Amino acid sequence: MRIDILTTFPEMFAGVFGSSILKRACDKGIIEYRLHNIRDYSASKHKNTDDYPFGGGAGMVMMPQPVFDCMDCVVGDRDVHCIYMSPRGRVLTQAVARELAKKEALLILCGHYEGIDERIMSRMNDEISIGDYVLTGGELPAMVLVDCVSRMIDGVLGCPDSAEYESFSDGLLEYPQYTRPAQIRGMNVPEVLLNGNHALINKWRREQSLKTTLERRPELLKKAELSPSDKLYIESLKRGE
């Protein structure tokens, strides 16, 4: 997959794309990241990318000309799914990440200031938010989106099963994890994880996932696919059993 990012602050991405899983995915040729400085396409003498909003109001708005020209150069005749990172967009979830991971190419526009000229949206296929709060620009949300989507692409994670069993992969929060040593500072690993009985281990993990979700994000249970035994276990938890 190729991911193009349009931003006025490309230097912000160096640490994210230059380390850990995203760097390894790039080194393997699984994903290609390209950063494009919108300022380079500004027709303004001073390479401005923002201007005052028509009708007045606080702050500045990103101008359409530099963005349009940048997109013309980057997209060309390729089939690219174009995304604008925005608080008013649909919320990023694991399901959305899986959907985007199936695309051949993504373009992510990072807004700044008070937002973008609305006419730029005529070139966008999607509008995505990472939560109900406001950040200085779209760069941090873009990093979150790229990281989340990249993990869904075959070959990116060292263990193919990792993405399948993470939080939200099946609509529930993840079960607790433990590693060596089995005992430290008076705290022990649950015995069920040490006996080698995978049927019991899977049952314990499922129950812990249900319990954690009920305690911390009960609204997720309304959308999760629950078996009859799952529902019985949840009811027993609600009764305090």
# chains A, B, ... in the order shown; residues from 1 in each chain; ligands from 1
>>> residues_around(residues="region 207-222 of chain A", least_positions_apart="6", cutoff="9 Å", atoms="only C-alpha atoms", output="PDB file with N, CA, C and O atoms, in the first residue's frame")
ATOM      1  N   SER A 167      -7.564  -5.608  21.431  1.00  0.00           N
ATOM      2  CA  SER A 167      -8.796  -4.940  21.835  1.00  0.00           C
ATOM      3  C   SER A 167      -9.564  -4.447  20.612  1.00  0.00           C
ATOM      4  O   SER A 167      -8.967  -3.978  19.640  1.00  0.00           O
ATOM      5  N   PHE A 168     -10.889  -4.578  20.673  1.00  0.00           N
ATOM      6  CA  PHE A 168     -11.821  -4.125  19.648  1.00  0.00           C
ATOM      7  C   PHE A 168     -11.852  -5.005  18.401  1.00  0.00           C
ATOM      8  O   PHE A 168     -12.689  -4.799  17.528  1.00  0.00           O
ATOM      9  N   GLY A 171     -14.954  -6.581  18.877  1.00  0.00           N
ATOM     10  CA  GLY A 171     -15.926  -5.713  19.524  1.00  0.00           C
ATOM     11  C   GLY A 171     -15.771  -5.634  21.026  1.00  0.00           C
ATOM     12  O   GLY A 171     -16.516  -4.917  21.693  1.00  0.00           O
ATOM     13  N   LEU A 172     -14.793  -6.358  21.580  1.00  0.00           N
ATOM     14  CA  LEU A 172     -14.573  -6.375  23.031  1.00  0.00           C
ATOM     15  C   LEU A 172     -13.179  -5.859  23.369  1.00  0.00           C
ATOM     16  O   LEU A 172     -12.297  -5.796  22.499  1.00  0.00           O
ATOM     17  N   LEU A 173     -12.978  -5.509  24.634  1.00  0.00           N
ATOM     18  CA  LEU A 173     -11.644  -5.150  25.100  1.00  0.00           C
ATOM     19  C   LEU A 173     -10.817  -6.414  25.305  1.00  0.00           C
ATOM     20  O   LEU A 173     -11.356  -7.495  25.561  1.00  0.00           O
ATOM     21  N   GLU A 174      -9.515  -6.269  25.192  1.00  0.00           N
ATOM     22  CA  GLU A 174      -8.632  -7.437  25.265  1.00  0.00           C
ATOM     23  C   GLU A 174      -8.518  -7.969  26.693  1.00  0.00           C
ATOM     24  O   GLU A 174      -8.635  -7.227  27.664  1.00  0.00           O
ATOM     25  N   TYR A 175      -8.268  -9.260  26.801  1.00  0.00           N
ATOM     26  CA  TYR A 175      -8.046  -9.912  28.091  1.00  0.00           C
ATOM     27  C   TYR A 175      -6.665  -9.545  28.638  1.00  0.00           C
ATOM     28  O   TYR A 175      -5.790  -9.101  27.897  1.00  0.00           O
ATOM     29  N   PRO A 176      -6.407  -9.734  29.953  1.00  0.00           N
ATOM     30  CA  PRO A 176      -5.096  -9.426  30.537  1.00  0.00           C
ATOM     31  C   PRO A 176      -4.010 -10.342  29.972  1.00  0.00           C
ATOM     32  O   PRO A 176      -4.271 -11.503  29.639  1.00  0.00           O
ATOM     33  N   ASP A 230     -21.686 -16.609  26.416  1.00  0.00           N
ATOM     34  CA  ASP A 230     -21.204 -15.263  26.729  1.00  0.00           C
ATOM     35  C   ASP A 230     -22.273 -14.493  27.500  1.00  0.00           C
ATOM     36  O   ASP A 230     -21.994 -13.841  28.508  1.00  0.00           O
ATOM     37  N   TYR A 233     -22.667 -15.694  31.033  1.00  0.00           N
ATOM     38  CA  TYR A 233     -21.554 -15.243  31.879  1.00  0.00           C
ATOM     39  C   TYR A 233     -21.732 -13.776  32.259  1.00  0.00           C
ATOM     40  O   TYR A 233     -21.499 -13.395  33.415  1.00  0.00           O
ATOM     41  N   ILE A 234     -22.144 -12.951  31.304  1.00  0.00           N
ATOM     42  CA  ILE A 234     -22.366 -11.526  31.581  1.00  0.00           C
ATOM     43  C   ILE A 234     -23.460 -11.351  32.620  1.00  0.00           C
ATOM     44  O   ILE A 234     -23.337 -10.531  33.549  1.00  0.00           O
ATOM     45  N   LEU A 237     -22.137 -12.044  36.002  1.00  0.00           N
ATOM     46  CA  LEU A 237     -21.313 -10.935  36.493  1.00  0.00           C
ATOM     47  C   LEU A 237     -22.186  -9.814  37.026  1.00  0.00           C
ATOM     48  O   LEU A 237     -21.889  -9.206  38.065  1.00  0.00           O
ATOM     49  N   LYS A 238     -23.273  -9.539  36.334  1.00  0.00           N
ATOM     50  CA  LYS A 238     -24.174  -8.476  36.774  1.00  0.00           C
ATOM     51  C   LYS A 238     -24.832  -8.818  38.110  1.00  0.00           C
ATOM     52  O   LYS A 238     -25.146  -7.923  38.905  1.00  0.00           O
TER      53      LYS A 238
END
>>> closest_atom_pairs(of="region 100-204 of chain A", to="region 80-85 of chain A", cutoff="9 Å", atoms="only C-alpha atoms", output="JSON lines")
{"residue": "A:Leu100", "atom": "CA", "partner": "A:His81", "partner_atom": "CA", "distance": 8.4}
{"residue": "A:Lys103", "atom": "CA", "partner": "A:His81", "partner_atom": "CA", "distance": 7.2}
{"residue": "A:Glu104", "atom": "CA", "partner": "A:Val80", "partner_atom": "CA", "distance": 7.3}
{"residue": "A:Ala105", "atom": "CA", "partner": "A:Val80", "partner_atom": "CA", "distance": 5.0}
{"residue": "A:Leu106", "atom": "CA", "partner": "A:His81", "partner_atom": "CA", "distance": 4.9}
{"residue": "A:Leu107", "atom": "CA", "partner": "A:Cys82", "partner_atom": "CA", "distance": 4.6}
{"residue": "A:Ile108", "atom": "CA", "partner": "A:Ile83", "partner_atom": "CA", "distance": 4.8}
{"residue": "A:Leu109", "atom": "CA", "partner": "A:Tyr84", "partner_atom": "CA", "distance": 4.8}
{"residue": "A:Cys110", "atom": "CA", "partner": "A:Met85", "partner_atom": "CA", "distance": 6.0}
{"residue": "A:Gly111", "atom": "CA", "partner": "A:Met85", "partner_atom": "CA", "distance": 6.9}
{"residue": "A:Met121", "atom": "CA", "partner": "A:Tyr84", "partner_atom": "CA", "distance": 7.9}
{"residue": "A:Arg123", "atom": "CA", "partner": "A:Cys82", "partner_atom": "CA", "distance": 7.3}
{"residue": "A:Met124", "atom": "CA", "partner": "A:Cys82", "partner_atom": "CA", "distance": 5.0}
{"residue": "A:Asn125", "atom": "CA", "partner": "A:Cys82", "partner_atom": "CA", "distance": 5.1}
{"residue": "A:Asp126", "atom": "CA", "partner": "A:Ile83", "partner_atom": "CA", "distance": 4.7}
{"residue": "A:Glu127", "atom": "CA", "partner": "A:Tyr84", "partner_atom": "CA", "distance": 4.8}
{"residue": "A:Ile128", "atom": "CA", "partner": "A:Met85", "partner_atom": "CA", "distance": 5.1}
{"residue": "A:Ser129", "atom": "CA", "partner": "A:Met85", "partner_atom": "CA", "distance": 5.9}
{"residue": "A:Ile130", "atom": "CA", "partner": "A:Met85", "partner_atom": "CA", "distance": 8.2}
{"residue": "A:Gly137", "atom": "CA", "partner": "A:Met85", "partner_atom": "CA", "distance": 8.8}
{"residue": "A:Gly138", "atom": "CA", "partner": "A:Met85", "partner_atom": "CA", "distance": 5.6}
{"residue": "A:Glu139", "atom": "CA", "partner": "A:Met85", "partner_atom": "CA", "distance": 8.4}
{"residue": "A:Pro141", "atom": "CA", "partner": "A:Met85", "partner_atom": "CA", "distance": 6.6}
{"residue": "A:Ala142", "atom": "CA", "partner": "A:Met85", "partner_atom": "CA", "distance": 6.7}
{"residue": "A:Leu145", "atom": "CA", "partner": "A:Met85", "partner_atom": "CA", "distance": 9.0}
>>> select_by_dssp(residues="region 1-214 of chain A", states="alpha helix (DSSP H)", output="mmCIF file with N, CA, C and O atoms, in the first residue's frame")
data_model
loop_
_atom_site.group_PDB
_atom_site.id
_atom_site.type_symbol
_atom_site.label_atom_id
_atom_site.label_comp_id
_atom_site.auth_asym_id
_atom_site.auth_seq_id
_atom_site.Cartn_x
_atom_site.Cartn_y
_atom_site.Cartn_z
ATOM 1 N N ALA A 14 8.721 12.268 11.189
ATOM 2 C CA ALA A 14 10.001 11.551 11.112
ATOM 3 C C ALA A 14 10.123 10.460 12.173
ATOM 4 O O ALA A 14 10.506 9.321 11.864
ATOM 5 N N GLY A 15 9.819 10.773 13.406
ATOM 6 C CA GLY A 15 9.956 9.787 14.474
ATOM 7 C C GLY A 15 8.995 8.631 14.352
ATOM 8 O O GLY A 15 9.337 7.478 14.643
ATOM 9 N N VAL A 16 7.777 8.918 13.901
ATOM 10 C CA VAL A 16 6.750 7.869 13.794
ATOM 11 C C VAL A 16 7.051 6.896 12.665
ATOM 12 O O VAL A 16 6.989 5.675 12.843
ATOM 13 N N PHE A 17 7.388 7.421 11.500
ATOM 14 C CA PHE A 17 7.644 6.560 10.347
ATOM 15 C C PHE A 17 9.049 5.988 10.340
ATOM 16 O O PHE A 17 9.346 5.074 9.577
ATOM 17 N N SER A 20 10.194 1.470 14.845
ATOM 18 C CA SER A 20 9.246 0.423 15.222
ATOM 19 C C SER A 20 8.585 -0.253 14.016
ATOM 20 O O SER A 20 9.178 -0.426 12.965
ATOM 21 N N ILE A 21 7.327 -0.616 14.192
ATOM 22 C CA ILE A 21 6.600 -1.420 13.205
ATOM 23 C C ILE A 21 6.455 -0.713 11.875
ATOM 24 O O ILE A 21 6.597 -1.324 10.807
ATOM 25 N N LEU A 22 6.169 0.587 11.899
ATOM 26 C CA LEU A 22 5.974 1.309 10.645
ATOM 27 C C LEU A 22 7.260 1.358 9.816
ATOM 28 O O LEU A 22 7.216 1.253 8.590
ATOM 29 N N LYS A 23 8.389 1.513 10.465
ATOM 30 C CA LYS A 23 9.667 1.513 9.742
ATOM 31 C C LYS A 23 9.940 0.144 9.135
ATOM 32 O O LYS A 23 10.369 0.039 7.978
ATOM 33 N N ARG A 24 9.687 -0.915 9.908
ATOM 34 C CA ARG A 24 9.933 -2.263 9.392
ATOM 35 C C ARG A 24 9.021 -2.564 8.204
ATOM 36 O O ARG A 24 9.439 -3.215 7.243
ATOM 37 N N ALA A 25 7.773 -2.099 8.279
ATOM 38 C CA ALA A 25 6.845 -2.313 7.164
ATOM 39 C C ALA A 25 7.335 -1.608 5.910
ATOM 40 O O ALA A 25 7.217 -2.129 4.794
ATOM 41 N N CYS A 26 7.914 -0.430 6.100
ATOM 42 C CA CYS A 26 8.465 0.324 4.975
ATOM 43 C C CYS A 26 9.711 -0.362 4.420
ATOM 44 O O CYS A 26 9.877 -0.492 3.210
ATOM 45 N N ASP A 27 10.586 -0.818 5.320
ATOM 46 C CA ASP A 27 11.824 -1.500 4.895
ATOM 47 C C ASP A 27 11.517 -2.775 4.121
ATOM 48 O O ASP A 27 12.260 -3.155 3.201
ATOM 49 N N PRO A 64 -7.655 26.688 -0.699
ATOM 50 C CA PRO A 64 -7.810 25.550 -1.611
ATOM 51 C C PRO A 64 -6.702 25.411 -2.647
ATOM 52 O O PRO A 64 -6.336 24.298 -3.014
ATOM 53 N N GLN A 65 -6.153 26.533 -3.122
ATOM 54 C CA GLN A 65 -5.183 26.458 -4.234
ATOM 55 C C GLN A 65 -3.977 25.558 -3.958
ATOM 56 O O GLN A 65 -3.686 24.646 -4.757
ATOM 57 N N PRO A 66 -3.266 25.740 -2.836
ATOM 58 C CA PRO A 66 -2.114 24.856 -2.598
ATOM 59 C C PRO A 66 -2.503 23.388 -2.456
ATOM 60 O O PRO A 66 -1.771 22.498 -2.922
ATOM 61 N N VAL A 67 -3.651 23.131 -1.833
ATOM 62 C CA VAL A 67 -4.083 21.744 -1.638
ATOM 63 C C VAL A 67 -4.458 21.106 -2.970
ATOM 64 O O VAL A 67 -4.055 19.977 -3.277
ATOM 65 N N PHE A 68 -5.232 21.827 -3.785
ATOM 66 C CA PHE A 68 -5.629 21.300 -5.093
ATOM 67 C C PHE A 68 -4.402 20.992 -5.956
ATOM 68 O O PHE A 68 -4.310 19.921 -6.571
ATOM 69 N N ASP A 69 -3.461 21.927 -6.008
ATOM 70 C CA ASP A 69 -2.278 21.724 -6.846
ATOM 71 C C ASP A 69 -1.424 20.570 -6.325
ATOM 72 O O ASP A 69 -0.855 19.797 -7.113
ATOM 73 N N CYS A 70 -1.331 20.449 -5.009
ATOM 74 C CA CYS A 70 -0.575 19.338 -4.423
ATOM 75 C C CYS A 70 -1.231 18.012 -4.770
ATOM 76 O O CYS A 70 -0.551 17.052 -5.164
ATOM 77 N N MET A 71 -2.556 17.948 -4.652
ATOM 78 C CA MET A 71 -3.278 16.716 -4.972
ATOM 79 C C MET A 71 -3.159 16.362 -6.444
ATOM 80 O O MET A 71 -3.009 15.186 -6.805
ATOM 81 N N ASP A 72 -3.212 17.364 -7.306
ATOM 82 C CA ASP A 72 -3.075 17.113 -8.747
ATOM 83 C C ASP A 72 -1.741 16.435 -9.040
ATOM 84 O O ASP A 72 -1.664 15.500 -9.855
ATOM 85 N N CYS A 73 -0.698 16.904 -8.377
ATOM 86 C CA CYS A 73 0.642 16.357 -8.595
ATOM 87 C C CYS A 73 0.797 14.970 -7.992
ATOM 88 O O CYS A 73 1.370 14.070 -8.615
ATOM 89 N N VAL A 74 0.252 14.775 -6.801
ATOM 90 C CA VAL A 74 0.435 13.512 -6.072
ATOM 91 C C VAL A 74 -0.449 12.400 -6.616
ATOM 92 O O VAL A 74 -0.002 11.257 -6.800
ATOM 93 N N VAL A 75 -1.706 12.705 -6.895
ATOM 94 C CA VAL A 75 -2.666 11.670 -7.297
ATOM 95 C C VAL A 75 -2.524 11.294 -8.756
ATOM 96 O O VAL A 75 -2.476 10.109 -9.110
ATOM 97 N N GLN A 94 -11.770 -0.110 14.698
ATOM 98 C CA GLN A 94 -11.073 -1.230 14.076
ATOM 99 C C GLN A 94 -11.739 -1.613 12.762
ATOM 100 O O GLN A 94 -11.067 -1.987 11.796
ATOM 101 N N ALA A 95 -13.065 -1.525 12.720
ATOM 102 C CA ALA A 95 -13.787 -1.856 11.493
ATOM 103 C C ALA A 95 -13.418 -0.892 10.369
ATOM 104 O O ALA A 95 -13.230 -1.294 9.214
ATOM 105 N N VAL A 96 -13.308 0.381 10.687
ATOM 106 C CA VAL A 96 -12.908 1.380 9.693
ATOM 107 C C VAL A 96 -11.475 1.115 9.235
ATOM 108 O O VAL A 96 -11.155 1.201 8.046
ATOM 109 N N ALA A 97 -10.604 0.755 10.180
ATOM 110 C CA ALA A 97 -9.210 0.464 9.839
ATOM 111 C C ALA A 97 -9.118 -0.728 8.888
ATOM 112 O O ALA A 97 -8.343 -0.708 7.926
ATOM 113 N N ARG A 98 -9.917 -1.767 9.148
ATOM 114 C CA ARG A 98 -9.923 -2.933 8.257
ATOM 115 C C ARG A 98 -10.397 -2.546 6.860
ATOM 116 O O ARG A 98 -9.873 -3.020 5.846
ATOM 117 N N GLU A 99 -11.409 -1.716 6.815
ATOM 118 C CA GLU A 99 -11.941 -1.251 5.526
ATOM 119 C C GLU A 99 -10.874 -0.504 4.732
ATOM 120 O O GLU A 99 -10.676 -0.767 3.540
ATOM 121 N N LEU A 100 -10.174 0.403 5.391
ATOM 122 C CA LEU A 100 -9.160 1.207 4.707
ATOM 123 C C LEU A 100 -7.932 0.371 4.334
ATOM 124 O O LEU A 100 -7.260 0.665 3.346
ATOM 125 N N ALA A 101 -7.646 -0.657 5.118
ATOM 126 C CA ALA A 101 -6.487 -1.507 4.845
ATOM 127 C C ALA A 101 -6.633 -2.280 3.530
ATOM 128 O O ALA A 101 -5.654 -2.773 2.977
ATOM 129 N N GLU A 139 -2.048 16.453 11.869
ATOM 130 C CA GLU A 139 -0.867 15.603 11.816
ATOM 131 C C GLU A 139 -0.927 14.448 12.812
ATOM 132 O O GLU A 139 -0.675 13.282 12.453
ATOM 133 N N LEU A 140 -1.234 14.736 14.064
ATOM 134 C CA LEU A 140 -1.315 13.665 15.064
ATOM 135 C C LEU A 140 -2.421 12.665 14.719
ATOM 136 O O LEU A 140 -2.193 11.444 14.784
ATOM 137 N N PRO A 141 -3.626 13.110 14.350
ATOM 138 C CA PRO A 141 -4.646 12.154 13.922
ATOM 139 C C PRO A 141 -4.192 11.310 12.724
ATOM 140 O O PRO A 141 -4.499 10.117 12.651
ATOM 141 N N ALA A 142 -3.461 11.908 11.794
ATOM 142 C CA ALA A 142 -2.974 11.158 10.634
ATOM 143 C C ALA A 142 -2.022 10.058 11.057
ATOM 144 O O ALA A 142 -2.051 8.935 10.529
ATOM 145 N N MET A 143 -1.155 10.347 12.034
ATOM 146 C CA MET A 143 -0.235 9.337 12.545
ATOM 147 C C MET A 143 -1.006 8.177 13.178
ATOM 148 O O MET A 143 -0.654 7.008 12.974
ATOM 149 N N VAL A 144 -2.035 8.509 13.938
ATOM 150 C CA VAL A 144 -2.864 7.477 14.567
ATOM 151 C C VAL A 144 -3.529 6.616 13.506
ATOM 152 O O VAL A 144 -3.537 5.382 13.592
ATOM 153 N N LEU A 145 -4.086 7.258 12.493
ATOM 154 C CA LEU A 145 -4.764 6.523 11.421
ATOM 155 C C LEU A 145 -3.799 5.594 10.689
ATOM 156 O O LEU A 145 -4.108 4.418 10.456
ATOM 157 N N VAL A 146 -2.642 6.096 10.323
ATOM 158 C CA VAL A 146 -1.662 5.288 9.588
ATOM 159 C C VAL A 146 -1.219 4.084 10.415
ATOM 160 O O VAL A 146 -1.127 2.965 9.912
ATOM 161 N N ASP A 147 -0.944 4.309 11.696
ATOM 162 C CA ASP A 147 -0.522 3.212 12.563
ATOM 163 C C ASP A 147 -1.610 2.155 12.664
ATOM 164 O O ASP A 147 -1.359 0.946 12.556
ATOM 165 N N CYS A 148 -2.853 2.605 12.874
ATOM 166 C CA CYS A 148 -3.984 1.685 13.034
ATOM 167 C C CYS A 148 -4.241 0.875 11.766
ATOM 168 O O CYS A 148 -4.425 -0.341 11.813
ATOM 169 N N VAL A 149 -4.222 1.542 10.616
ATOM 170 C CA VAL A 149 -4.481 0.870 9.339
ATOM 171 C C VAL A 149 -3.340 -0.074 8.984
ATOM 172 O O VAL A 149 -3.564 -1.199 8.522
ATOM 173 N N SER A 150 -2.115 0.376 9.196
ATOM 174 C CA SER A 150 -0.947 -0.431 8.821
ATOM 175 C C SER A 150 -0.949 -1.785 9.506
ATOM 176 O O SER A 150 -0.557 -2.802 8.918
ATOM 177 N N HIS A 198 -5.318 -25.572 26.584
ATOM 178 C CA HIS A 198 -5.675 -24.434 25.737
ATOM 179 C C HIS A 198 -7.176 -24.167 25.701
ATOM 180 O O HIS A 198 -7.603 -23.026 25.522
ATOM 181 N N ALA A 199 -7.963 -25.187 25.890
ATOM 182 C CA ALA A 199 -9.416 -24.988 25.932
ATOM 183 C C ALA A 199 -9.790 -24.139 27.143
ATOM 184 O O ALA A 199 -10.588 -23.196 27.044
ATOM 185 N N LEU A 200 -9.183 -24.462 28.300
ATOM 186 C CA LEU A 200 -9.448 -23.686 29.507
ATOM 187 C C LEU A 200 -8.867 -22.275 29.407
ATOM 188 O O LEU A 200 -9.459 -21.304 29.892
ATOM 189 N N ILE A 201 -7.700 -22.179 28.772
ATOM 190 C CA ILE A 201 -7.068 -20.867 28.598
ATOM 191 C C ILE A 201 -7.949 -19.968 27.738
ATOM 192 O O ILE A 201 -8.188 -18.796 28.065
ATOM 193 N N ASN A 202 -8.450 -20.505 26.633
ATOM 194 C CA ASN A 202 -9.319 -19.727 25.751
ATOM 195 C C ASN A 202 -10.604 -19.311 26.460
ATOM 196 O O ASN A 202 -11.104 -18.195 26.266
ATOM 197 N N LYS A 203 -11.143 -20.215 27.269
ATOM 198 C CA LYS A 203 -12.353 -19.905 28.025
ATOM 199 C C LYS A 203 -12.080 -18.787 29.022
ATOM 200 O O LYS A 203 -12.871 -17.841 29.140
ATOM 201 N N TRP A 204 -10.957 -18.865 29.723
ATOM 202 C CA TRP A 204 -10.589 -17.840 30.697
ATOM 203 C C TRP A 204 -10.395 -16.491 30.014
ATOM 204 O O TRP A 204 -10.874 -15.458 30.496
ATOM 205 N N ARG A 205 -9.709 -16.505 28.895
ATOM 206 C CA ARG A 205 -9.457 -15.256 28.176
ATOM 207 C C ARG A 205 -10.751 -14.614 27.686
ATOM 208 O O ARG A 205 -10.926 -13.393 27.777
ATOM 209 N N ARG A 206 -11.660 -15.435 27.190
ATOM 210 C CA ARG A 206 -12.936 -14.899 26.730
ATOM 211 C C ARG A 206 -13.713 -14.276 27.892
ATOM 212 O O ARG A 206 -14.262 -13.178 27.768
ATOM 213 N N GLU A 207 -13.724 -14.967 29.009
ATOM 214 C CA GLU A 207 -14.446 -14.457 30.177
ATOM 215 C C GLU A 207 -13.813 -13.173 30.701
ATOM 216 O O GLU A 207 -14.517 -12.241 31.094
ATOM 217 N N GLN A 208 -12.479 -13.106 30.706
ATOM 218 C CA GLN A 208 -11.802 -11.898 31.152
ATOM 219 C C GLN A 208 -12.081 -10.723 30.215
ATOM 220 O O GLN A 208 -12.232 -9.574 30.644
ATOM 221 N N SER A 209 -12.151 -11.018 28.925
ATOM 222 C CA SER A 209 -12.467 -9.988 27.940
ATOM 223 C C SER A 209 -13.876 -9.441 28.161
ATOM 224 O O SER A 209 -14.105 -8.227 28.133
ATOM 225 N N LEU A 210 -14.811 -10.343 28.390
ATOM 226 C CA LEU A 210 -16.193 -9.935 28.671
ATOM 227 C C LEU A 210 -16.277 -9.127 29.962
ATOM 228 O O LEU A 210 -16.974 -8.104 30.022
ATOM 229 N N LYS A 211 -15.567 -9.585 30.981
ATOM 230 C CA LYS A 211 -15.593 -8.901 32.280
ATOM 231 C C LYS A 211 -15.015 -7.487 32.176
ATOM 232 O O LYS A 211 -15.606 -6.520 32.691
ATOM 233 N N THR A 212 -13.879 -7.358 31.519
ATOM 234 C CA THR A 212 -13.241 -6.056 31.369
ATOM 235 C C THR A 212 -14.120 -5.098 30.568
ATOM 236 O O THR A 212 -14.249 -3.918 30.905
ATOM 237 N N THR A 213 -14.728 -5.619 29.507
ATOM 238 C CA THR A 213 -15.603 -4.787 28.683
ATOM 239 C C THR A 213 -16.824 -4.331 29.468
ATOM 240 O O THR A 213 -17.236 -3.167 29.380
ATOM 241 N N LEU A 214 -17.406 -5.234 30.258
ATOM 242 C CA LEU A 214 -18.571 -4.879 31.071
ATOM 243 C C LEU A 214 -18.215 -3.797 32.082
ATOM 244 O O LEU A 214 -19.004 -2.873 32.316
#
>>> select_by_dssp(residues="region 1-234 of chain A", states="strand (DSSP E or B)", output="ChimeraX atom specification")
/A:2-7,32-37,50-51,61-62,81-91,105-110,116,126-129,183-184,187-188
>>> residues_around(residues="region 112-114 of chain A", least_positions_apart="6", cutoff="8 Å", atoms="only C-alpha atoms", output="PDB file with N, CA and C atoms, in the first residue's frame")
ATOM      1  N   ASP A  50      -2.733  29.676   4.253  1.00  0.00           N
ATOM      2  CA  ASP A  50      -3.958  30.046   4.957  1.00  0.00           C
ATOM      3  C   ASP A  50      -4.337  31.493   4.663  1.00  0.00           C
ATOM      4  N   ALA A  58     -12.993  34.033  13.905  1.00  0.00           N
ATOM      5  CA  ALA A  58     -11.673  33.845  14.514  1.00  0.00           C
ATOM      6  C   ALA A  58     -10.806  32.914  13.683  1.00  0.00           C
ATOM      7  N   GLY A  59      -9.501  33.164  13.710  1.00  0.00           N
ATOM      8  CA  GLY A  59      -8.555  32.236  13.095  1.00  0.00           C
ATOM      9  C   GLY A  59      -8.449  32.352  11.591  1.00  0.00           C
ATOM     10  N   MET A  60      -7.670  31.431  11.044  1.00  0.00           N
ATOM     11  CA  MET A  60      -7.390  31.384   9.606  1.00  0.00           C
ATOM     12  C   MET A  60      -7.883  30.059   9.042  1.00  0.00           C
ATOM     13  N   VAL A  61      -8.050  30.035   7.712  1.00  0.00           N
ATOM     14  CA  VAL A  61      -8.556  28.842   7.028  1.00  0.00           C
ATOM     15  C   VAL A  61      -7.573  28.430   5.943  1.00  0.00           C
ATOM     16  N   MET A  62      -7.341  27.134   5.800  1.00  0.00           N
ATOM     17  CA  MET A  62      -6.423  26.639   4.781  1.00  0.00           C
ATOM     18  C   MET A  62      -6.998  26.895   3.388  1.00  0.00           C
ATOM     19  N   THR A 136      -4.440  20.743  17.450  1.00  0.00           N
ATOM     20  CA  THR A 136      -3.916  21.890  16.709  1.00  0.00           C
ATOM     21  C   THR A 136      -3.984  21.673  15.207  1.00  0.00           C
ATOM     22  N   GLY A 137      -3.754  20.457  14.780  1.00  0.00           N
ATOM     23  CA  GLY A 137      -3.787  20.152  13.353  1.00  0.00           C
ATOM     24  C   GLY A 137      -4.081  18.694  13.115  1.00  0.00           C
ATOM     25  N   GLY A 138      -4.070  18.303  11.852  1.00  0.00           N
ATOM     26  CA  GLY A 138      -4.407  16.931  11.496  1.00  0.00           C
ATOM     27  C   GLY A 138      -3.235  15.973  11.504  1.00  0.00           C
TER      28      GLY A 138
END
>>> closest_residue(among="A:Lys102, A:Lys28, A:Arg88, A:Lys231", to="Leu157 (chain A)", atoms="only C-alpha atoms")
A:Lys28
>>> closest_residue(among="A:Ser44, A:Gln177, A:Thr8, A:Ser86", to="Leu135 (chain A)", atoms="only C-alpha atoms")
A:Ser86
>>> residues_around(residues="Glu32 (chain A)", least_positions_apart="4", cutoff="8 Å", atoms="only C-alpha atoms", output="ChimeraX atom specification")
/A:1-3,26
>>> atom_distance(atom1="CA of Tyr178 (chain A)", atom2="CA of Leu194 (chain A)")
10.5 Å
>>> residues_around(residues="His36 (chain A)", least_positions_apart="3", cutoff="7 Å", atoms="only C-alpha atoms", output="mmCIF file with N, CA and C atoms, in the first residue's frame")
data_model
loop_
_atom_site.group_PDB
_atom_site.id
_atom_site.type_symbol
_atom_site.label_atom_id
_atom_site.label_comp_id
_atom_site.auth_asym_id
_atom_site.auth_seq_id
_atom_site.Cartn_x
_atom_site.Cartn_y
_atom_site.Cartn_z
ATOM 1 N N ILE A 5 0.791 11.656 2.450
ATOM 2 C CA ILE A 5 0.294 12.562 3.476
ATOM 3 C C ILE A 5 0.595 13.995 3.074
ATOM 4 N N LEU A 6 -0.451 14.805 3.023
ATOM 5 C CA LEU A 6 -0.323 16.218 2.684
ATOM 6 C C LEU A 6 -0.378 17.027 3.972
ATOM 7 N N THR A 7 0.673 17.798 4.229
ATOM 8 C CA THR A 7 0.796 18.493 5.502
ATOM 9 C C THR A 7 1.626 19.749 5.346
ATOM 10 N N PRO A 10 5.690 18.446 7.648
ATOM 11 C CA PRO A 10 6.157 17.074 7.373
ATOM 12 C C PRO A 10 7.186 16.570 8.380
#
>>> residues_around(residues="region 46-49 of chain A", least_positions_apart="5", cutoff="8 Å", atoms="only C-alpha atoms", output="list in words")
Ile38, Arg39, Asp40, Tyr41, Met62, Met63 and Pro66 of chain A
>>> decode(residues="region 23-37 of chain A", atoms="C-alpha atoms", output="CSV table (one decimal), in the first residue's frame")
chain,number,residue,atom,x,y,z
A,23,LYS,CA,9.7,1.5,9.7
A,24,ARG,CA,9.9,-2.3,9.4
A,25,ALA,CA,6.8,-2.3,7.2
A,26,CYS,CA,8.5,0.3,5.0
A,27,ASP,CA,11.8,-1.5,4.9
A,28,LYS,CA,10.0,-4.7,3.8
A,29,GLY,CA,8.3,-2.8,1.0
A,30,ILE,CA,4.9,-3.7,2.4
A,31,ILE,CA,3.9,0.0,2.8
A,32,GLU,CA,5.3,3.1,1.2
A,33,TYR,CA,4.9,6.4,3.0
A,34,ARG,CA,5.3,9.7,1.2
A,35,LEU,CA,5.2,13.1,2.8
A,36,HIS,CA,4.2,16.2,0.8
A,37,ASN,CA,4.7,19.8,2.0
